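Heads up, the thing below is written out as structure tokens.
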Amino acid sequence: MMQKAVITISIVSLVKNSFIEPKQLLAAKTLKKSSAFFLFCLLSLSVSIPLFLDGYATLEKFSRTRV
């Protein structure tokens with residue numbers, strides 16, 4: 001009986017490669033659902049935090065000019 005070859009993919013390397021080499025994210029297809037969900041949440045947060053901070057700074061500027 002032949003066993004399947006299992007390739008372990010670390011979440012850290014996927015996050016790093018998602019910014020350096022986005023095509024490497026195709027390897028995430030082999031992840032378990034829980035690991036894929038964790039990767040999705042981590043990437044979403046890493047992208048949304050700078051956008052939130054920039055938007056918050058813009059809103060602060062608007063609120064200071066109104067007063």
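Residue numbering restarts at 1 in every chain; chains get A, B, ... in the order shown in the structure tokens, and ligands count up from 1 in that same order.
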
For this session: Looking only at alpha helix (DSSP H) from DSSP on the backbone, list the matching residues of chain A as number ranges by chain.
Result: A: 11-20, 33-66

Please produce, as a Markdown table, a per-residue contact table for segment 31-60 of chain A versus segment 20-27 of chain A (criterion: any atom at most 12 Å away, only C-alpha atoms considered), showing the nearest atom pair and its distance in Å to one decimal, sorted by chain then residue number.
| residue | atom | partner | partner_atom | distance |
| --- | --- | --- | --- | --- |
| A:Leu31 | CA | A:Ala27 | CA | 7.9 |
| A:Lys32 | CA | A:Ala27 | CA | 11.6 |
| A:Ala36 | CA | A:Ala27 | CA | 10.6 |
| A:Leu39 | CA | A:Leu25 | CA | 10.2 |
| A:Phe40 | CA | A:Leu25 | CA | 10.9 |
| A:Leu43 | CA | A:Leu25 | CA | 11.3 |

Exercise. Could you work out how far atom CA of Ile49 of chain A lies from atom CA of Ala28 of chain A, giving the answer in Å with one decimal?
Worked result: 22.8 Å

Problem set entry | Between atom CA of Leu45 of chain A and atom CA of Val15 of chain A - distance in Å to one decimal | 11.5 Å

For this session: Kindly give the distance, in Å, that separates atom CA of Leu51 of chain A and atom CA of Val12 of chain A, rounded to a single decimal.
Result: 22.2 Å
